[in-house]
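Visitor: Structure file final.txt (compact mmCIF, C-alpha atoms) is given on the next line.
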# COMPACT_ATOMS: atom_id res chain seq x y z
CA MET A 1 0.00 0.00 0.00
CA ALA A 2 1.34 3.44 -0.93
CA GLY A 3 2.21 5.91 1.79
CA ARG A 4 -0.51 8.31 2.87
CA PHE A 5 -0.41 11.68 4.61
CA ILE A 6 -2.63 12.15 7.68
CA THR A 7 -2.84 15.41 9.64
CA LEU A 8 -4.44 16.20 13.00
CA GLU A 9 -5.87 19.60 13.80
CA GLY A 10 -7.69 21.34 16.65
CA ILE A 11 -7.47 24.06 19.24
CA GLU A 12 -5.33 23.86 22.38
CA GLY A 13 -6.46 21.08 24.68
CA ALA A 14 -8.13 19.03 21.94
CA GLY A 15 -5.83 16.06 22.50
CA LYS A 16 -4.02 16.03 19.17
CA SER A 17 -0.75 14.60 20.51
CA THR A 18 -2.54 11.70 22.22
CA ALA A 19 -4.61 11.11 19.10
CA ALA A 20 -1.53 11.18 16.88
CA ARG A 21 0.10 8.46 18.95
CA PHE A 22 -3.08 6.39 18.72
CA VAL A 23 -3.10 6.78 14.92
CA ARG A 24 0.52 5.62 14.76
CA GLU A 25 -0.21 2.58 16.93
CA TRP A 26 -3.37 1.71 14.96
CA LEU A 27 -1.56 1.85 11.62
CA SER A 28 1.55 0.07 12.92
CA ALA A 29 -0.61 -2.77 14.22
CA ARG A 30 -1.70 -3.32 10.61
CA GLY A 31 1.85 -3.71 9.40
CA LEU A 32 2.30 -0.19 8.06
CA THR A 33 5.46 1.86 8.53
CA VAL A 34 4.53 5.14 10.20
CA CYS A 35 6.41 8.42 10.58
CA LEU A 36 5.00 10.53 13.43
CA THR A 37 5.90 14.22 13.26
CA ARG A 38 4.63 17.69 14.17
CA GLU A 39 4.44 21.33 13.08
CA PRO A 40 6.01 23.70 13.41
CA GLY A 41 9.04 21.45 13.61
CA GLY A 42 9.70 17.90 12.55
CA THR A 43 13.32 18.34 11.48
CA PRO A 44 16.27 19.73 13.48
CA LEU A 45 16.27 23.09 11.70
CA ALA A 46 12.47 23.35 11.65
CA GLU A 47 12.45 22.71 15.41
CA ARG A 48 14.75 25.70 15.84
CA VAL A 49 12.23 27.81 13.93
CA ARG A 50 9.52 26.42 16.21
CA GLN A 51 11.38 27.80 19.22
CA LEU A 52 11.40 31.25 17.64
CA VAL A 53 7.66 31.13 16.97
CA LEU A 54 6.58 29.88 20.39
CA ASP A 55 9.03 31.71 22.65
CA ARG A 56 7.09 33.87 25.10
CA GLN A 57 10.19 35.84 26.11
CA GLY A 58 11.46 36.77 22.66
CA GLU A 59 11.00 39.99 20.72
CA ALA A 60 7.66 40.94 19.20
CA ILE A 61 6.57 39.03 16.09
CA THR A 62 3.94 40.48 13.78
CA PRO A 63 1.20 38.19 12.42
CA VAL A 64 2.69 38.25 8.92
CA THR A 65 6.18 37.47 10.24
CA GLU A 66 4.74 34.64 12.32
CA THR A 67 3.11 33.26 9.16
CA LEU A 68 6.37 33.46 7.22
CA LEU A 69 8.17 31.61 10.01
CA MET A 70 5.50 28.90 9.96
CA PHE A 71 6.00 28.38 6.25
CA ALA A 72 9.79 28.48 6.57
CA ALA A 73 9.55 25.61 9.05
CA ARG A 74 6.98 23.88 6.82
CA GLY A 75 9.24 24.15 3.80
CA LEU A 76 12.04 22.41 5.66
CA HIS A 77 9.63 19.80 6.98
CA VAL A 78 8.07 18.99 3.61
CA GLN A 79 11.38 18.83 1.76
CA ASN A 80 13.45 16.94 4.32
CA LEU A 81 10.97 14.67 6.08
CA ILE A 82 7.43 14.41 4.68
CA ARG A 83 8.14 13.91 0.96
CA PRO A 84 11.03 11.47 1.52
CA ALA A 85 8.93 9.40 3.93
CA LEU A 86 6.00 9.24 1.53
CA ALA A 87 8.35 8.31 -1.31
CA ARG A 88 9.57 5.37 0.79
CA GLY A 89 5.97 4.19 1.16
CA GLU A 90 5.61 5.29 4.78
CA TRP A 91 2.44 6.75 6.25
CA VAL A 92 3.10 10.22 7.66
CA VAL A 93 1.07 11.33 10.68
CA CYS A 94 1.52 15.03 11.39
CA ASP A 95 0.31 17.03 14.39
CA ARG A 96 -0.82 20.23 12.56
CA PHE A 97 -0.23 21.36 8.99
CA THR A 98 -1.43 24.22 6.78
CA ASP A 99 -5.01 24.11 8.07
CA ALA A 100 -3.52 25.32 11.36
CA THR A 101 -2.01 28.33 9.63
CA ARG A 102 -5.35 29.18 8.03
CA ALA A 103 -7.08 28.89 11.40
CA TYR A 104 -4.50 30.44 13.75
CA GLN A 105 -2.74 33.03 11.62
CA GLY A 106 -5.61 33.59 9.20
CA ALA A 107 -8.74 33.66 11.34
CA GLY A 108 -6.99 34.15 14.67
CA ARG A 109 -4.50 36.85 13.74
CA GLY A 110 -6.17 38.31 10.65
CA VAL A 111 -3.49 37.43 8.09
CA SER A 112 -4.72 37.44 4.50
CA LEU A 113 -5.89 34.01 3.38
CA ALA A 114 -4.70 34.92 -0.11
CA LEU A 115 -1.16 35.29 1.25
CA ILE A 116 -1.44 32.00 3.14
CA ASP A 117 -2.67 30.20 0.03
CA GLN A 118 0.14 31.70 -2.04
CA LEU A 119 2.75 30.55 0.45
CA ALA A 120 1.13 27.11 0.71
CA SER A 121 1.26 26.70 -3.05
CA ALA A 122 4.94 27.64 -3.19
CA VAL A 123 6.00 25.48 -0.24
CA GLN A 124 3.83 22.41 -0.73
CA GLU A 125 3.92 22.20 -4.53
CA GLY A 126 0.69 20.23 -4.63
CA LEU A 127 1.22 18.20 -1.47
CA GLN A 128 -2.04 17.88 0.47
CA PRO A 129 -3.15 15.60 3.31
CA ASP A 130 -5.05 12.49 2.27
CA CYS A 131 -7.04 12.73 5.49
CA THR A 132 -7.34 15.34 8.24
CA LEU A 133 -8.73 14.49 11.66
CA LEU A 134 -10.19 17.63 13.23
CA LEU A 135 -10.46 17.14 16.98
CA ASP A 136 -13.23 19.55 17.87
CA LEU A 137 -14.45 20.63 21.30
CA PRO A 138 -15.77 23.83 22.90
CA VAL A 139 -13.12 26.44 23.58
CA ALA A 140 -13.85 26.58 27.31
CA ALA A 141 -13.30 22.84 27.63
CA GLY A 142 -10.05 22.97 25.68
CA LEU A 143 -8.64 25.84 27.72
CA GLU A 144 -9.60 24.11 30.96
CA ARG A 145 -7.64 21.05 29.86
CA VAL A 146 -4.65 23.29 29.12
CA ARG A 147 -4.87 24.86 32.58
CA MET A 148 -5.03 21.45 34.23
CA ARG A 149 -2.02 20.30 32.21
CA SER A 150 0.20 23.38 32.37
CA GLY A 151 -0.97 25.26 35.42
CA SER A 152 -1.58 29.01 35.48
CA VAL A 153 1.52 29.96 33.45
CA PRO A 154 1.12 29.64 29.65
CA SER A 155 3.78 27.42 28.08
CA ASP A 156 3.97 29.31 24.76
CA ARG A 157 2.77 32.44 22.96
CA PHE A 158 -0.47 30.86 21.75
CA GLU A 159 -1.62 29.73 25.17
CA GLU A 160 -1.48 33.39 26.23
CA GLU A 161 -4.29 34.29 23.84
CA PRO A 162 -7.82 35.02 25.15
CA ALA A 163 -10.80 32.76 24.58
CA GLN A 164 -12.07 34.99 21.77
CA PHE A 165 -8.95 34.17 19.75
CA PHE A 166 -9.63 30.45 20.04
CA GLU A 167 -13.30 30.94 19.17
CA ARG A 168 -12.17 32.42 15.84
CA VAL A 169 -9.72 29.56 15.37
CA ARG A 170 -12.35 26.91 16.11
CA ALA A 171 -14.87 28.55 13.77
CA ALA A 172 -12.26 28.60 11.00
CA TYR A 173 -11.49 24.92 11.50
CA LEU A 174 -15.18 24.06 11.21
CA ASP A 175 -15.45 26.17 8.04
CA ILE A 176 -12.48 24.25 6.59
CA ALA A 177 -14.19 20.96 7.44
CA ARG A 178 -17.42 22.04 5.77
CA ALA A 179 -15.52 23.12 2.66
CA ALA A 180 -13.58 19.82 2.39
CA PRO A 181 -15.83 17.05 3.76
CA ALA A 182 -14.07 14.32 1.76
CA ARG A 183 -10.74 15.13 3.44
CA VAL A 184 -11.62 16.45 6.90
CA ARG A 185 -13.25 14.17 9.46
CA ILE A 186 -14.63 15.94 12.52
CA ILE A 187 -13.88 14.04 15.72
CA ASP A 188 -15.89 14.94 18.84
CA ALA A 189 -12.97 15.48 21.20
CA SER A 190 -15.22 16.39 24.13
CA ARG A 191 -16.12 12.72 24.59
CA PRO A 192 -14.16 10.22 26.75
CA LEU A 193 -10.86 9.00 25.34
CA GLU A 194 -12.18 5.59 24.32
CA ALA A 195 -15.02 7.17 22.35
CA VAL A 196 -12.61 9.58 20.67
CA GLN A 197 -10.38 6.69 19.65
CA GLU A 198 -13.37 4.77 18.26
CA GLN A 199 -14.21 7.73 16.01
CA ILE A 200 -10.61 7.95 14.83
CA ALA A 201 -10.48 4.21 14.13
CA ARG A 202 -13.58 4.44 11.95
CA ALA A 203 -12.01 7.26 9.95
CA LEU A 204 -8.81 5.27 9.52
CA GLU A 205 -10.72 2.16 8.45
CA ALA A 206 -12.44 4.21 5.77
CA LEU A 207 -9.11 5.64 4.61
CA CYS A 208 -7.44 2.24 4.46
CA SER A 209 -10.35 0.69 2.60
CA GLY A 210 -10.40 3.50 0.07
CA THR A 211 -13.87 4.73 1.00
CA ALA A 212 -12.66 7.96 2.66
Spit out the file's structure as structure tokens when you get a sec.
Guide:
Amino acid sequence: MAGRFITLEGIEGAGKSTAARFVREWLSARGLTVCLTREPGGTPLAERVRQLVLDRQGEAITPVTETLLMFAARGLHVQNLIRPALARGEWVVCDRFTDATRAYQGAGRGVSLALIDQLASAVQEGLQPDCTLLLDLPVAAGLERVRMRSGSVPSDRFEEEPAQFFERVRAAYLDIARAAPARVRIIDASRPLEAVQEQIARALEALCSGTA
């Protein structure tokens, strides 16, 4: 079976990292070779860019500059990890991809979607996820999970944002899902972990069988 590209999206606290590990384990159990990665980051140099983007103590970064940094990291990631893995026949599971930029920098920060699409076209050169799992839950629930996990001190620049920012991000994600129903599967991330994993497994079964 040829390699496929799966991305996971969602607001803070949605459980993407846990879900990504479940996807890797589910696919591996079926004899598939899986590359688990994340954005921004995924390669040594892209991880250094990630530190610049997320650093709460660094100098000010405008929304457009933040977007350019995201795509700089993505360019490294696509060229040096994602495309080579897919070419080897591996399945790539990525925690966030360009949908995150459209939601966070586009809807959240107000960056032009035309600019984001232009950068995506230049960096990805046609590469698109075969399947995106959107872990969706109310913003208040997601932020409460973050507080329980991290305490009262935000761990990065995005966790400092107010609830209204994440409401815009969530709404953008749902708009993306409505616009691309064949690619984006909405997962109710407010449910217990076992129920979330059951939803993900059904989406993966459909992808593997060719019905997704």
Visitor: Pick out the residues sitting within 12 Å of Pro181 (chain A), and hand them over as a CSV table (one decimal) with C-alpha atoms, keeping the file's coordinate frame; count all atoms listed in the file, and ignore anything fewer than 2 positions along from it in its own chain.
Guide:
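Result saved to result-v4.csv:
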chain,number,residue,atom,x,y,z
A,130,ASP,CA,-5.0,12.5,2.3
A,131,CYS,CA,-7.0,12.7,5.5
A,132,THR,CA,-7.3,15.3,8.2
A,133,LEU,CA,-8.7,14.5,11.7
A,134,LEU,CA,-10.2,17.6,13.2
A,173,TYR,CA,-11.5,24.9,11.5
A,174,LEU,CA,-15.2,24.1,11.2
A,175,ASP,CA,-15.4,26.2,8.0
A,176,ILE,CA,-12.5,24.2,6.6
A,177,ALA,CA,-14.2,21.0,7.4
A,178,ARG,CA,-17.4,22.0,5.8
A,179,ALA,CA,-15.5,23.1,2.7
A,183,ARG,CA,-10.7,15.1,3.4
A,184,VAL,CA,-11.6,16.4,6.9
A,185,ARG,CA,-13.2,14.2,9.5
A,186,ILE,CA,-14.6,15.9,12.5
A,212,ALA,CA,-12.7,8.0,2.7
Visitor: Excluding region 158-161 of chain A and any residue of its chain fewer than 4 positions from it, enumerate the residues within 9 Å of it, using all atoms listed in the file, and give them as a list of chain:residue names.
Guide: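 Close residues of region 158-161 of chain A: A:Glu12, A:Leu54, A:Arg56, A:Tyr104, A:Leu143, A:Val146, A:Val153, A:Pro154, A:Phe165, A:Phe166.
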Visitor: Give the answer as one residue: which of A:Ala203, A:Leu113, A:Leu45, A:Ala163 has the shortest atom-to-atom distance to Val139 (chain A), using all atoms listed in the file?
Guide: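 Under the stated criterion, the closest residue is A:Ala163.
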Visitor: For region 185-189 of chain A, what centre and edge lengths in Å (one decimal) does the axis-aligned box get once 8 Å is added on each side of all its listed atoms, as lines of an AutoDock Vina configuration file?
Guide:
center_x = -14.4
center_y = 15.0
center_z = 15.3
size_x = 18.9
size_y = 17.9
size_z = 27.7
Visitor: Ranking A:Gln197, A:Gln124, A:Gln105, A:Gln57 by minimum distance to Val78 (chain A) and counting all atoms listed in the file, which one comes first?
Guide: A:Gln124
Visitor: What's the 10 Å shell around region 65-77 of chain A, counting all atoms listed in the file, without same-chain residues fewer than 2 positions away, as a ChimeraX atom specification?
Guide: /A:37-50,52-54,60-63,79-83,97-98,100-102,104-106,109,111,115-116,119-120,122-124
Visitor: Would you please work out which residue, of A:Pro129, A:Arg24, A:Ala87, A:Ser112, is nearest to Ala180 (chain A) when using all atoms listed in the file?
Guide: A:Pro129
Visitor: Find the distance between CA of Ala2 (chain A) and CA of Val34 (chain A) and write it in Å to one decimal.
Guide: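 Computed distance, CA of Ala2 (chain A) to CA of Val34 (chain A), equals 11.7 Å.
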Visitor: Any idea what's packed within 6 Å of Ala189 (chain A), counting only C-alpha atoms, ignoring anything in its chain fewer than 4 positions away? Could you give it as number ranges by chain?
Guide: A: 135-137, 196
Visitor: For CA of Ala20 (chain A) and CA of Leu8 (chain A), determine how far apart the two atoms are, in Å to one decimal place.
Guide: 7.0 Å
Visitor: Could you tell me how far CA of Lys16 (chain A) sits from CA of Gln118 (chain A), in Å to one decimal place?
Guide: 26.7 Å
Visitor: Name the closest residue to Ala14 (chain A) among the candidates A:Val93, A:Leu32, A:Ala201, A:Ala141; distances are taken between atoms, counting all atoms listed in the file.
Guide: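 Nearest to Ala14 (chain A): A:Ala141.
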Visitor: Considering only C-alpha atoms, can you say which of A:Ala29, A:Ala19, A:Ile6, A:Val92 comes closest to Glu194 (chain A)?
Guide: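 Comparing A:Ala29, A:Ala19, A:Ile6, A:Val92 against Glu194 (chain A), the winner is A:Ala19.
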